[in-house]
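One file, final-v8.cif, carrying mmCIF, C-alpha atoms and all ligand atoms:
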```
data_entry
loop_
_atom_site.group_PDB
_atom_site.id
_atom_site.type_symbol
_atom_site.label_atom_id
_atom_site.label_comp_id
_atom_site.auth_asym_id
_atom_site.auth_seq_id
_atom_site.Cartn_x
_atom_site.Cartn_y
_atom_site.Cartn_z
ATOM 1 C CA MET A 1347 17.099 -7.028 13.965
ATOM 2 C CA LYS A 1348 20.239 -5.267 12.729
ATOM 3 C CA ILE A 1349 20.106 -3.940 9.180
ATOM 4 C CA LYS A 1350 23.147 -6.040 8.246
ATOM 5 C CA GLU A 1351 21.258 -9.139 9.345
ATOM 6 C CA MET A 1352 18.271 -8.130 7.234
ATOM 7 C CA PHE A 1353 20.380 -8.151 4.078
ATOM 8 C CA LYS A 1354 21.113 -11.818 4.722
ATOM 9 C CA ILE A 1355 17.440 -12.591 4.012
ATOM 10 C CA TYR A 1356 18.173 -12.017 0.309
ATOM 11 C CA SER A 1357 20.250 -15.190 0.226
ATOM 12 C CA SER A 1358 17.141 -17.295 0.903
ATOM 13 C CA CYS A 1359 14.347 -14.839 0.328
ATOM 14 C CA LYS A 1360 11.357 -14.916 2.659
ATOM 15 C CA LEU A 1361 10.623 -11.211 2.513
ATOM 16 C CA CYS A 1362 7.018 -11.779 1.555
ATOM 17 C CA PRO A 1363 4.544 -14.617 2.191
ATOM 18 C CA ARG A 1364 5.473 -16.234 -1.151
ATOM 19 C CA ARG A 1365 8.630 -17.412 0.675
ATOM 20 C CA CYS A 1366 10.401 -18.393 -2.554
ATOM 21 C CA GLU A 1367 13.631 -19.106 -0.610
ATOM 22 C CA VAL A 1368 15.729 -18.261 -3.666
ATOM 23 C CA ASN A 1369 19.166 -16.752 -3.446
ATOM 24 C CA ARG A 1370 18.484 -13.409 -5.066
ATOM 25 C CA ILE A 1371 22.149 -12.835 -5.774
ATOM 26 C CA LYS A 1372 21.904 -15.635 -8.340
ATOM 27 C CA GLU A 1373 18.239 -15.967 -9.264
ATOM 28 C CA ARG A 1374 14.887 -14.267 -9.043
ATOM 29 C CA GLY A 1375 11.740 -15.258 -7.243
ATOM 30 C CA PHE A 1376 8.100 -14.499 -7.954
ATOM 31 C CA CYS A 1377 8.731 -10.737 -7.696
ATOM 32 C CA LYS A 1378 11.274 -10.971 -10.562
ATOM 33 C CA GLU A 1379 13.804 -8.803 -8.764
ATOM 34 C CA GLY A 1380 17.362 -9.617 -7.746
ATOM 35 C CA VAL A 1381 19.426 -7.895 -5.055
ATOM 36 C CA ILE A 1382 20.139 -4.726 -7.005
ATOM 37 C CA LEU A 1383 17.734 -2.020 -5.935
ATOM 38 C CA ARG A 1384 15.637 -0.696 -8.811
ATOM 39 C CA ILE A 1385 13.512 2.431 -8.570
ATOM 40 C CA ALA A 1386 10.906 3.554 -11.083
ATOM 41 C CA TYR A 1387 10.088 7.014 -9.751
ATOM 42 C CA VAL A 1388 10.953 9.391 -6.934
ATOM 43 C CA GLY A 1389 8.821 12.509 -6.686
ATOM 44 C CA PRO A 1390 5.832 14.269 -5.179
ATOM 45 C CA HIS A 1391 2.452 12.686 -5.815
ATOM 46 C CA PHE A 1392 -0.865 14.490 -5.414
ATOM 47 C CA GLY A 1393 -3.343 11.642 -5.940
ATOM 48 C CA GLU A 1394 -3.290 10.087 -2.471
ATOM 49 C CA GLU A 1395 -5.882 10.658 0.246
ATOM 50 C CA PRO A 1396 -5.940 14.265 1.587
ATOM 51 C CA PRO A 1397 -4.063 13.587 4.871
ATOM 52 C CA ILE A 1398 -1.368 11.792 2.874
ATOM 53 C CA THR A 1399 -1.134 14.291 0.003
ATOM 54 C CA GLY A 1400 -1.599 17.470 2.035
ATOM 55 C CA LYS A 1401 -0.704 20.700 0.272
ATOM 56 C CA ASN A 1402 2.803 19.804 -0.851
ATOM 57 C CA GLY A 1403 2.277 16.227 -1.974
ATOM 58 C CA SER A 1404 3.314 12.798 -0.789
ATOM 59 C CA GLY A 1405 6.968 11.950 -1.419
ATOM 60 C CA THR A 1406 6.571 8.751 -3.404
ATOM 61 C CA VAL A 1407 9.312 6.243 -4.104
ATOM 62 C CA PHE A 1408 8.069 3.565 -6.517
ATOM 63 C CA LEU A 1409 10.035 0.333 -6.359
ATOM 64 C CA THR A 1410 10.377 -1.733 -9.529
ATOM 65 C CA GLY A 1411 8.726 -5.176 -9.388
ATOM 66 C CA CYS A 1412 6.143 -6.480 -6.955
ATOM 67 C CA SER A 1413 5.654 -9.570 -4.840
ATOM 68 C CA LEU A 1414 1.922 -9.776 -5.628
ATOM 69 C CA ARG A 1415 1.794 -9.008 -9.373
ATOM 70 C CA CYS A 1416 -1.981 -8.902 -9.829
ATOM 71 C CA SER A 1417 -3.181 -9.465 -13.385
ATOM 72 C CA PHE A 1418 -5.015 -6.115 -13.318
ATOM 73 C CA CYS A 1419 -2.197 -4.084 -11.706
ATOM 74 C CA GLN A 1420 -2.781 -0.361 -12.108
ATOM 75 C CA ASN A 1421 0.994 0.233 -12.194
ATOM 76 C CA TRP A 1422 1.654 -2.509 -14.731
ATOM 77 C CA GLN A 1423 4.760 -0.929 -16.275
ATOM 78 C CA ILE A 1424 6.453 -0.780 -12.891
ATOM 79 C CA SER A 1425 5.311 -4.060 -11.354
ATOM 80 C CA HIS A 1426 5.283 -6.341 -14.408
ATOM 81 C CA SER A 1427 7.235 -4.670 -17.225
ATOM 82 C CA GLY A 1428 10.138 -3.820 -14.941
ATOM 83 C CA ILE A 1429 10.460 -0.109 -15.663
ATOM 84 C CA GLY A 1430 13.073 1.354 -13.354
ATOM 85 C CA LYS A 1431 16.712 2.219 -12.857
ATOM 86 C CA LYS A 1432 19.349 0.395 -10.885
ATOM 87 C CA LEU A 1433 20.345 2.759 -8.117
ATOM 88 C CA LYS A 1434 22.733 2.687 -5.197
ATOM 89 C CA VAL A 1435 21.359 3.380 -1.732
ATOM 90 C CA LYS A 1436 23.259 6.674 -1.537
ATOM 91 C CA ASP A 1437 21.752 7.817 -4.869
ATOM 92 C CA VAL A 1438 18.237 7.043 -3.682
ATOM 93 C CA ILE A 1439 18.905 8.943 -0.449
ATOM 94 C CA GLU A 1440 20.114 11.935 -2.465
ATOM 95 C CA LYS A 1441 16.978 11.875 -4.598
ATOM 96 C CA ILE A 1442 14.727 11.632 -1.553
ATOM 97 C CA GLU A 1443 16.565 14.430 0.238
ATOM 98 C CA GLU A 1444 16.311 16.640 -2.813
ATOM 99 C CA MET A 1445 12.562 15.905 -3.003
ATOM 100 C CA ILE A 1446 12.144 16.813 0.681
ATOM 101 C CA ARG A 1447 14.058 20.091 0.300
ATOM 102 C CA ARG A 1448 12.552 21.115 -3.008
ATOM 103 C CA TYR A 1449 8.890 20.218 -2.538
ATOM 104 C CA ARG A 1450 8.597 19.968 1.252
ATOM 105 C CA VAL A 1451 6.581 16.780 0.844
ATOM 106 C CA HIS A 1452 4.683 15.622 3.923
ATOM 107 C CA ASN A 1453 6.037 12.078 4.021
ATOM 108 C CA ILE A 1454 8.204 9.495 2.298
ATOM 109 C CA ASN A 1455 5.848 7.040 0.671
ATOM 110 C CA PHE A 1456 7.479 3.735 -0.345
ATOM 111 C CA VAL A 1457 5.178 2.060 -2.863
ATOM 112 C CA THR A 1458 5.361 -1.785 -2.854
ATOM 113 C CA PRO A 1459 8.577 -1.962 -0.814
ATOM 114 C CA ASP A 1460 8.301 -5.608 0.341
ATOM 115 C CA HIS A 1461 10.798 -7.195 -1.990
ATOM 116 C CA PHE A 1462 13.486 -4.566 -1.205
ATOM 117 C CA ILE A 1463 12.864 -4.146 2.515
ATOM 118 C CA PRO A 1464 16.528 -4.459 3.616
ATOM 119 C CA HIS A 1465 17.542 -1.634 1.245
ATOM 120 C CA ILE A 1466 14.542 0.463 2.268
ATOM 121 C CA VAL A 1467 15.254 0.061 5.969
ATOM 122 C CA LEU A 1468 18.829 1.218 5.373
ATOM 123 C CA ILE A 1469 17.566 4.240 3.428
ATOM 124 C CA ILE A 1470 15.050 5.106 6.149
ATOM 125 C CA SER A 1471 17.614 4.813 8.930
ATOM 126 C CA ARG A 1472 19.826 7.376 7.178
ATOM 127 C CA ILE A 1473 17.025 9.765 6.177
ATOM 128 C CA LYS A 1474 15.590 9.752 9.710
ATOM 129 C CA LYS A 1475 18.916 10.943 11.117
ATOM 130 C CA LYS A 1476 18.441 14.221 9.235
ATOM 131 C CA TYR A 1477 14.714 14.663 8.723
ATOM 132 C CA ASP A 1478 11.756 14.281 11.044
ATOM 133 C CA ILE A 1479 9.301 13.067 8.415
ATOM 134 C CA PRO A 1480 6.733 10.238 8.527
ATOM 135 C CA VAL A 1481 7.584 7.117 6.558
ATOM 136 C CA ILE A 1482 4.783 5.289 4.764
ATOM 137 C CA PHE A 1483 4.744 1.672 3.674
ATOM 138 C CA ASN A 1484 2.234 1.592 0.835
ATOM 139 C CA THR A 1485 1.619 -2.119 0.376
ATOM 140 C CA SER A 1486 -0.454 -4.804 -1.296
ATOM 141 C CA GLY A 1487 -1.643 -6.159 2.061
ATOM 142 C CA TYR A 1488 0.094 -9.450 1.325
ATOM 143 C CA GLN A 1489 2.745 -9.089 4.008
ATOM 144 C CA SER A 1490 4.459 -11.432 6.379
ATOM 145 C CA VAL A 1491 3.872 -10.716 10.079
ATOM 146 C CA GLU A 1492 7.408 -11.864 10.825
ATOM 147 C CA ILE A 1493 8.833 -9.188 8.507
ATOM 148 C CA LEU A 1494 6.412 -6.525 9.746
ATOM 149 C CA ARG A 1495 7.745 -7.087 13.275
ATOM 150 C CA LYS A 1496 11.304 -6.575 12.060
ATOM 151 C CA ILE A 1497 10.508 -3.222 10.407
ATOM 152 C CA LYS A 1498 8.224 -1.733 13.033
ATOM 153 C CA ASP A 1499 10.741 0.885 14.215
ATOM 154 C CA TYR A 1500 11.253 2.198 10.693
ATOM 155 C CA VAL A 1501 7.645 2.773 9.630
ATOM 156 C CA ASP A 1502 5.154 5.385 10.847
ATOM 157 C CA ILE A 1503 2.180 4.799 8.561
ATOM 158 C CA TYR A 1504 0.905 1.668 6.878
ATOM 159 C CA LEU A 1505 -1.286 2.007 3.791
ATOM 160 C CA PRO A 1506 -2.218 -1.621 3.092
ATOM 161 C CA ASP A 1507 -4.661 -2.737 0.447
ATOM 162 C CA PHE A 1508 -7.292 -5.283 1.342
ATOM 163 C CA LYS A 1509 -8.140 -6.630 -2.092
ATOM 164 C CA TYR A 1510 -9.980 -9.892 -1.734
ATOM 165 C CA SER A 1511 -12.488 -11.615 0.478
ATOM 166 C CA GLU A 1512 -12.884 -14.417 -2.064
ATOM 167 C CA ARG A 1513 -10.278 -17.154 -2.175
ATOM 168 C CA SER A 1514 -11.069 -18.041 -5.795
ATOM 169 C CA LEU A 1515 -10.676 -14.427 -6.937
ATOM 170 C CA ALA A 1516 -7.361 -14.049 -5.079
ATOM 171 C CA LYS A 1517 -6.145 -17.218 -6.731
ATOM 172 C CA LYS A 1518 -7.332 -16.204 -10.184
ATOM 173 C CA LEU A 1519 -6.086 -12.613 -10.195
ATOM 174 C CA SER A 1520 -3.034 -12.706 -7.907
ATOM 175 C CA LEU A 1521 -2.092 -16.388 -7.662
ATOM 176 C CA CYS A 1522 -2.403 -16.300 -3.876
ATOM 177 C CA PRO A 1523 -5.466 -18.176 -2.588
ATOM 178 C CA ASP A 1524 -4.430 -17.417 1.008
ATOM 179 C CA TYR A 1525 -4.558 -13.632 0.455
ATOM 180 C CA THR A 1526 -7.529 -12.938 2.757
ATOM 181 C CA GLU A 1527 -6.160 -14.616 5.867
ATOM 182 C CA VAL A 1528 -2.592 -13.418 5.273
ATOM 183 C CA CYS A 1529 -3.821 -9.853 4.746
ATOM 184 C CA LEU A 1530 -6.015 -9.866 7.855
ATOM 185 C CA ASP A 1531 -3.094 -11.097 9.971
ATOM 186 C CA ALA A 1532 -0.877 -8.405 8.460
ATOM 187 C CA ILE A 1533 -3.402 -5.636 9.176
ATOM 188 C CA TYR A 1534 -3.776 -6.896 12.765
ATOM 189 C CA GLU A 1535 -0.031 -6.547 13.203
ATOM 190 C CA MET A 1536 0.027 -3.103 11.574
ATOM 191 C CA VAL A 1537 -2.799 -1.849 13.822
ATOM 192 C CA LYS A 1538 -1.157 -3.382 16.863
ATOM 193 C CA GLN A 1539 2.044 -1.488 16.065
ATOM 194 C CA LYS A 1540 0.662 1.884 14.998
ATOM 195 C CA GLY A 1541 -3.053 2.134 15.776
ATOM 196 C CA PHE A 1542 -5.521 3.759 13.394
ATOM 197 C CA LEU A 1543 -4.434 6.738 11.304
ATOM 198 C CA LYS A 1544 -3.750 9.872 13.327
ATOM 199 C CA THR A 1545 -3.369 13.343 11.892
ATOM 200 C CA GLU A 1546 -2.009 16.667 13.076
ATOM 201 C CA ASP A 1547 -3.365 19.771 11.353
ATOM 202 C CA GLY A 1548 -4.911 17.489 8.730
ATOM 203 C CA ILE A 1549 -1.650 15.701 7.873
ATOM 204 C CA ALA A 1550 -1.150 12.001 8.587
ATOM 205 C CA LYS A 1551 1.545 11.285 11.157
ATOM 206 C CA ARG A 1552 1.124 7.678 12.230
ATOM 207 C CA GLY A 1553 -1.212 4.703 11.990
ATOM 208 C CA VAL A 1554 -3.062 2.516 9.527
ATOM 209 C CA LEU A 1555 -5.412 3.406 6.671
ATOM 210 C CA VAL A 1556 -6.788 0.449 4.684
ATOM 211 C CA ARG A 1557 -7.452 0.828 0.964
ATOM 212 C CA HIS A 1558 -9.764 -1.163 -1.237
ATOM 213 C CA LEU A 1559 -9.810 -0.936 -5.033
ATOM 214 C CA ILE A 1560 -13.299 -1.804 -6.224
ATOM 215 C CA LEU A 1561 -13.067 -4.104 -9.242
ATOM 216 C CA PRO A 1562 -15.737 -3.895 -11.960
ATOM 217 C CA GLY A 1563 -18.204 -6.761 -11.770
ATOM 218 C CA LYS A 1564 -16.743 -7.982 -8.445
ATOM 219 C CA ILE A 1565 -19.062 -6.127 -6.127
ATOM 220 C CA LYS A 1566 -19.771 -9.074 -3.834
ATOM 221 C CA ASN A 1567 -16.040 -9.330 -3.200
ATOM 222 C CA SER A 1568 -15.962 -5.656 -2.188
ATOM 223 C CA ILE A 1569 -19.064 -5.927 0.007
ATOM 224 C CA ASP A 1570 -17.538 -8.898 1.832
ATOM 225 C CA VAL A 1571 -14.176 -7.106 2.166
ATOM 226 C CA LEU A 1572 -15.934 -4.275 3.998
ATOM 227 C CA SER A 1573 -17.966 -6.638 6.190
ATOM 228 C CA LEU A 1574 -14.798 -8.511 7.159
ATOM 229 C CA LEU A 1575 -12.928 -5.325 7.993
ATOM 230 C CA TYR A 1576 -15.864 -4.080 10.049
ATOM 231 C CA CYS A 1577 -16.184 -7.355 11.969
ATOM 232 C CA GLU A 1578 -12.450 -7.560 12.669
ATOM 233 C CA PHE A 1579 -11.530 -3.929 13.354
ATOM 234 C CA GLY A 1580 -14.769 -2.025 13.957
ATOM 235 C CA LYS A 1581 -16.241 1.173 12.616
ATOM 236 C CA GLU A 1582 -13.295 3.390 13.561
ATOM 237 C CA LEU A 1583 -10.903 1.728 11.136
ATOM 238 C CA PRO A 1584 -10.131 4.359 8.482
ATOM 239 C CA ILE A 1585 -10.858 3.048 5.004
ATOM 240 C CA SER A 1586 -10.388 4.345 1.505
ATOM 241 C CA LEU A 1587 -12.659 3.204 -1.327
ATOM 242 C CA MET A 1588 -10.938 3.505 -4.684
ATOM 243 C CA SER A 1589 -12.875 3.678 -7.926
ATOM 244 C CA GLN A 1590 -9.972 4.431 -10.260
ATOM 245 C CA TYR A 1591 -9.835 0.978 -11.861
ATOM 246 C CA PHE A 1592 -8.889 0.925 -15.524
ATOM 247 C CA PRO A 1593 -7.840 -2.054 -17.664
ATOM 248 C CA ALA A 1594 -4.089 -1.456 -17.811
ATOM 249 C CA VAL A 1595 -3.620 -4.523 -20.028
ATOM 250 C CA PRO A 1596 -6.214 -6.812 -21.671
ATOM 251 C CA GLN A 1597 -7.813 -9.139 -19.138
ATOM 252 C CA LYS A 1598 -9.159 -12.675 -19.561
ATOM 253 C CA ASP A 1599 -12.095 -11.846 -17.308
ATOM 254 C CA PRO A 1600 -14.436 -9.637 -19.409
ATOM 255 C CA ASP A 1601 -15.583 -7.677 -16.321
ATOM 256 C CA LEU A 1602 -12.059 -6.389 -15.923
ATOM 257 C CA ASN A 1603 -11.876 -4.969 -19.435
ATOM 258 C CA ARG A 1604 -14.039 -1.999 -18.492
ATOM 259 C CA PHE A 1605 -14.204 0.847 -15.967
ATOM 260 C CA LEU A 1606 -16.208 0.701 -12.768
ATOM 261 C CA LYS A 1607 -19.830 1.812 -13.114
ATOM 262 C CA LYS A 1608 -21.163 4.544 -10.879
ATOM 263 C CA GLU A 1609 -23.933 2.273 -9.547
ATOM 264 C CA GLU A 1610 -21.332 -0.362 -8.635
ATOM 265 C CA PHE A 1611 -19.371 2.203 -6.677
ATOM 266 C CA LEU A 1612 -22.519 3.400 -4.916
ATOM 267 C CA GLU A 1613 -23.496 -0.131 -3.910
ATOM 268 C CA VAL A 1614 -20.146 -0.608 -2.190
ATOM 269 C CA TYR A 1615 -20.124 2.871 -0.712
ATOM 270 C CA ASN A 1616 -23.661 2.490 0.663
ATOM 271 C CA HIS A 1617 -22.645 -0.772 2.285
ATOM 272 C CA ALA A 1618 -19.728 0.984 4.019
ATOM 273 C CA ILE A 1619 -22.119 3.653 5.266
ATOM 274 C CA SER A 1620 -24.699 1.089 6.413
ATOM 275 C CA LEU A 1621 -22.020 -0.735 8.408
ATOM 276 C CA GLY A 1622 -21.251 2.556 10.137
ATOM 277 C CA PHE A 1623 -17.623 3.140 9.152
ATOM 278 C CA GLU A 1624 -16.777 6.569 10.527
ATOM 279 C CA HIS A 1625 -13.720 7.510 8.495
ATOM 280 C CA ILE A 1626 -14.116 6.901 4.789
ATOM 281 C CA PHE A 1627 -12.228 8.382 1.873
ATOM 282 C CA ILE A 1628 -13.745 8.017 -1.557
ATOM 283 C CA GLN A 1629 -12.861 8.633 -5.167
ATOM 284 C CA ILE A 1630 -15.821 9.876 -7.144
ATOM 285 C CA PRO A 1631 -15.914 7.807 -10.383
ATOM 286 C CA GLU A 1632 -16.671 10.733 -12.726
ATOM 287 C CA ARG A 1633 -13.982 13.029 -11.445
ATOM 288 C CA PRO A 1634 -11.537 13.464 -14.327
ATOM 289 C CA ASP A 1635 -8.502 13.629 -12.039
ATOM 290 C CA ARG A 1636 -9.851 10.720 -9.966
ATOM 291 C CA SER A 1637 -8.313 12.256 -6.873
ATOM 292 C CA PHE A 1638 -9.550 11.469 -3.404
ATOM 293 C CA VAL A 1639 -12.025 13.577 -1.512
ATOM 294 C CA PRO A 1640 -12.974 13.148 2.114
ATOM 295 C CA ASP A 1641 -16.405 11.778 2.857
ATOM 296 C CA PHE A 1642 -18.157 14.774 4.303
ATOM 297 C CA THR A 1643 -21.058 12.692 5.599
ATOM 298 C CA LYS A 1644 -19.074 12.509 8.832
ATOM 299 C CA GLU A 1645 -18.114 15.471 10.961
ATOM 300 C CA GLN A 1646 -14.565 14.872 12.158
ATOM 301 C CA PRO A 1647 -12.233 12.598 10.259
ATOM 302 C CA PHE A 1648 -9.650 10.929 12.465
ATOM 303 C CA PRO A 1649 -10.571 12.490 15.817
ATOM 304 C CA GLY A 1650 -8.215 10.298 17.734
ATOM 305 C CA ASN A 1651 -6.664 6.921 17.911
ATOM 306 C CA LYS A 1652 -9.017 4.594 19.722
ATOM 307 C CA GLN A 1653 -7.452 1.278 18.967
ATOM 308 C CA ARG A 1654 -9.922 -1.576 19.172
ATOM 309 C CA ILE A 1655 -7.673 -4.581 19.333
HETATM 310 S S1 LIG A 1701 10.236 -10.917 -2.131
HETATM 311 FE FE1 LIG A 1701 10.295 -11.919 -4.142
HETATM 312 S S2 LIG A 1701 11.810 -13.551 -3.997
HETATM 313 FE FE2 LIG A 1701 11.327 -12.861 -1.902
HETATM 314 S S3 LIG A 1701 9.768 -14.262 -1.193
HETATM 315 FE FE3 LIG A 1701 8.683 -12.516 -2.079
HETATM 316 S S4 LIG A 1701 8.318 -12.966 -4.240
HETATM 317 FE FE4 LIG A 1701 9.841 -14.436 -3.445
#
```
If you took the structure in this file and wrote it as structure tokens, what would it be?
Amino acid sequence: MKIKEMFKIYSSCKLCPRRCEVNRIKERGFCKEGVILRIAYVGPHFGEEPPITGKNGSGTVFLTGCSLRCSFCQNWQISHSGIGKKLKVKDVIEKIEEMIRRYRVHNINFVTPDHFIPHIVLIISRIKKKYDIPVIFNTSGYQSVEILRKIKDYVDIYLPDFKYSERSLAKKLSLCPDYTEVCLDAIYEMVKQKGFLKTEDGIAKRGVLVRHLILPGKIKNSIDVLSLLYCEFGKELPISLMSQYFPAVPQKDPDLNRFLKKEEFLEVYNHAISLGFEHIFIQIPERPDRSFVPDFTKEQPFPGNKQRI
């Protein structure tokens, strides 16, 4: 699809599975964003998984707003409070190009891009004319397959979350009871397009890495998330287990007003190991910087790209 055609989607927005069908020139849908691009942050980020962060950092571009808007969002100020600046496409391109030149970041990492995909695709098409750099879509996992097919030539790496295996939890925390099936379909499409994550000299170049944020007191959800991923994609699917949860704003569910316990993390981690996942990234709960470390229980992370579906 031509980029010009993509911009037309804003007039009856179906960019994400919420399919609000609002005209974003005049009103806002669930994501709370109109048609003016808003950006919260452009800069190098060193807290991603090692093949994404590398030595020089991941070139993050945080979009204001979000189409999922979980009650526990770890980037609450950006997704819910609307922190961000209105920027023109050319200004965003300038900022990204400056980041590439100044920091030599290993990738351009668009964080929650769904609701601004037409703008992002335009930005990518211009950046790619000058720079040979992988583009990451860092997403909630709640993506439309139809839209993923339209953007496949613009994306190199997908970093989707897989948050919920439980319908009731998805409904309660993200107001989307269909999250599990929508997310599985989306990950199928992502893997079909790009395969599992591939690296060169330790740096991610292409493919899919699935993230899961372990929520305090919701360990069964996490265990079932891993079992589902294993059953659907097999042991070679790269996964990242995140233990960084903190209560960004007060939560109705008392479990979510605390940090994750070490024993909770270990229960989930041990389940991943018992299933036989071969490529796992973990965050150790006590680490003050909460950065990712590779799981050294396995010899060779990402040896190749043996796609299973
Ligand atoms: S991107 Fe926003 S307006 Fe469009 S369908 Fe999703 S939530 Fe609704």
Anything within 12 Å of (20.2, -13.2, -9.4): list those residues as a compact mmCIF listing (two decimals) with C-alpha atoms, keeping the file's coordinate frame, counting only C-alpha atoms and sticking to the file's coordinates.
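Saved result, selection_34.txt, follows:
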```
# COMPACT_ATOMS: atom_id res chain seq x y z
CA TYR A 1356 18.17 -12.02 0.31
CA SER A 1357 20.25 -15.19 0.23
CA SER A 1358 17.14 -17.30 0.90
CA CYS A 1359 14.35 -14.84 0.33
CA VAL A 1368 15.73 -18.26 -3.67
CA ASN A 1369 19.17 -16.75 -3.45
CA ARG A 1370 18.48 -13.41 -5.07
CA ILE A 1371 22.15 -12.84 -5.77
CA LYS A 1372 21.90 -15.64 -8.34
CA GLU A 1373 18.24 -15.97 -9.26
CA ARG A 1374 14.89 -14.27 -9.04
CA GLY A 1375 11.74 -15.26 -7.24
CA CYS A 1377 8.73 -10.74 -7.70
CA LYS A 1378 11.27 -10.97 -10.56
CA GLU A 1379 13.80 -8.80 -8.76
CA GLY A 1380 17.36 -9.62 -7.75
CA VAL A 1381 19.43 -7.90 -5.06
CA ILE A 1382 20.14 -4.73 -7.00
CA LEU A 1383 17.73 -2.02 -5.94
```
CA of Glu1527 in chain A and atom FE2 of ligand LIG 1701 (chain A), how far apart in Å?
19.2 Å
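Here CA of His1452 in chain A stands at a distance of 13.9 Å from CA of Lys1544 in chain A.
Excluding range 1500-1514 of chain A itself and any same-chain residue fewer than 2 positions from it, the protein and nucleic acid residues within 6 Å of it, counting only C-alpha atoms, are Pro1480, Val1481, Ile1482, Phe1483, Asn1484, Thr1485, Ser1486, Gly1487, Ile1497, Lys1498, Ala1516, Lys1517, Pro1523, Thr1526, Arg1552, Gly1553, Val1554, Leu1555, Val1556, Arg1557, His1558, Asn1567, Asp1570 and Val1571 of chain A.
In this model, the gap between CA of Leu1361 in chain A and atom FE4 of ligand LIG 1701 (chain A) comes to 6.8 Å.
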Translate the PyMOL selection byres (((chain A and resi 1476) around 12) and not hetatm) into a concrete residue list for this structure, as number ranges by chain.
A: 1439, 1442-1443, 1446-1447, 1469-1475, 1477-1479
Can I get the selected residues back with C-alpha atoms, as a JSON list (two decimals), keeping the file's coordinate frame?
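Saved as selection_11.json:
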```json
[["chain", "number", "residue", "atom", "x", "y", "z"],
["A", 1439, "ILE", "CA", 18.90, 8.94, -0.45],
["A", 1442, "ILE", "CA", 14.73, 11.63, -1.55],
["A", 1443, "GLU", "CA", 16.57, 14.43, 0.24],
["A", 1446, "ILE", "CA", 12.14, 16.81, 0.68],
["A", 1447, "ARG", "CA", 14.06, 20.09, 0.30],
["A", 1469, "ILE", "CA", 17.57, 4.24, 3.43],
["A", 1470, "ILE", "CA", 15.05, 5.11, 6.15],
["A", 1471, "SER", "CA", 17.61, 4.81, 8.93],
["A", 1472, "ARG", "CA", 19.83, 7.38, 7.18],
["A", 1473, "ILE", "CA", 17.02, 9.76, 6.18],
["A", 1474, "LYS", "CA", 15.59, 9.75, 9.71],
["A", 1475, "LYS", "CA", 18.92, 10.94, 11.12],
["A", 1477, "TYR", "CA", 14.71, 14.66, 8.72],
["A", 1478, "ASP", "CA", 11.76, 14.28, 11.04],
["A", 1479, "ILE", "CA", 9.30, 13.07, 8.41]]
```
Please complete range 1582-1594 of chain A with N, CA and C atoms and give it back as a CSV table (one decimal), in the coordinates of the input.
```
chain,number,residue,atom,x,y,z
A,1582,GLU,N,-14.3,2.3,13.5
A,1582,GLU,CA,-13.3,3.4,13.6
A,1582,GLU,C,-12.1,3.2,12.7
A,1583,LEU,N,-12.0,2.0,12.1
A,1583,LEU,CA,-10.9,1.7,11.1
A,1583,LEU,C,-11.0,2.7,9.9
A,1584,PRO,N,-10.0,3.5,9.7
A,1584,PRO,CA,-10.1,4.4,8.5
A,1584,PRO,C,-10.0,3.5,7.2
A,1585,ILE,N,-10.9,3.8,6.3
A,1585,ILE,CA,-10.9,3.0,5.0
A,1585,ILE,C,-10.9,4.0,3.8
A,1586,SER,N,-10.4,3.5,2.7
A,1586,SER,CA,-10.4,4.3,1.5
A,1586,SER,C,-10.9,3.5,0.4
A,1587,LEU,N,-12.0,4.0,-0.2
A,1587,LEU,CA,-12.7,3.2,-1.3
A,1587,LEU,C,-12.2,3.8,-2.7
A,1588,MET,N,-11.5,3.0,-3.4
A,1588,MET,CA,-10.9,3.5,-4.7
A,1588,MET,C,-11.7,3.0,-5.9
A,1589,SER,N,-12.1,4.0,-6.7
A,1589,SER,CA,-12.9,3.7,-7.9
A,1589,SER,C,-12.1,3.9,-9.2
A,1590,GLN,N,-10.8,4.0,-9.1
A,1590,GLN,CA,-10.0,4.4,-10.3
A,1590,GLN,C,-9.7,3.3,-11.3
A,1591,TYR,N,-10.2,2.1,-11.0
A,1591,TYR,CA,-9.8,1.0,-11.9
A,1591,TYR,C,-9.9,1.3,-13.4
A,1592,PHE,N,-8.9,0.9,-14.1
A,1592,PHE,CA,-8.9,0.9,-15.5
A,1592,PHE,C,-8.2,-0.3,-16.0
A,1593,PRO,N,-8.5,-0.9,-17.2
A,1593,PRO,CA,-7.8,-2.1,-17.7
A,1593,PRO,C,-6.5,-1.7,-18.2
A,1594,ALA,N,-5.4,-1.9,-17.4
A,1594,ALA,CA,-4.1,-1.5,-17.8
A,1594,ALA,C,-3.6,-2.3,-18.9
```
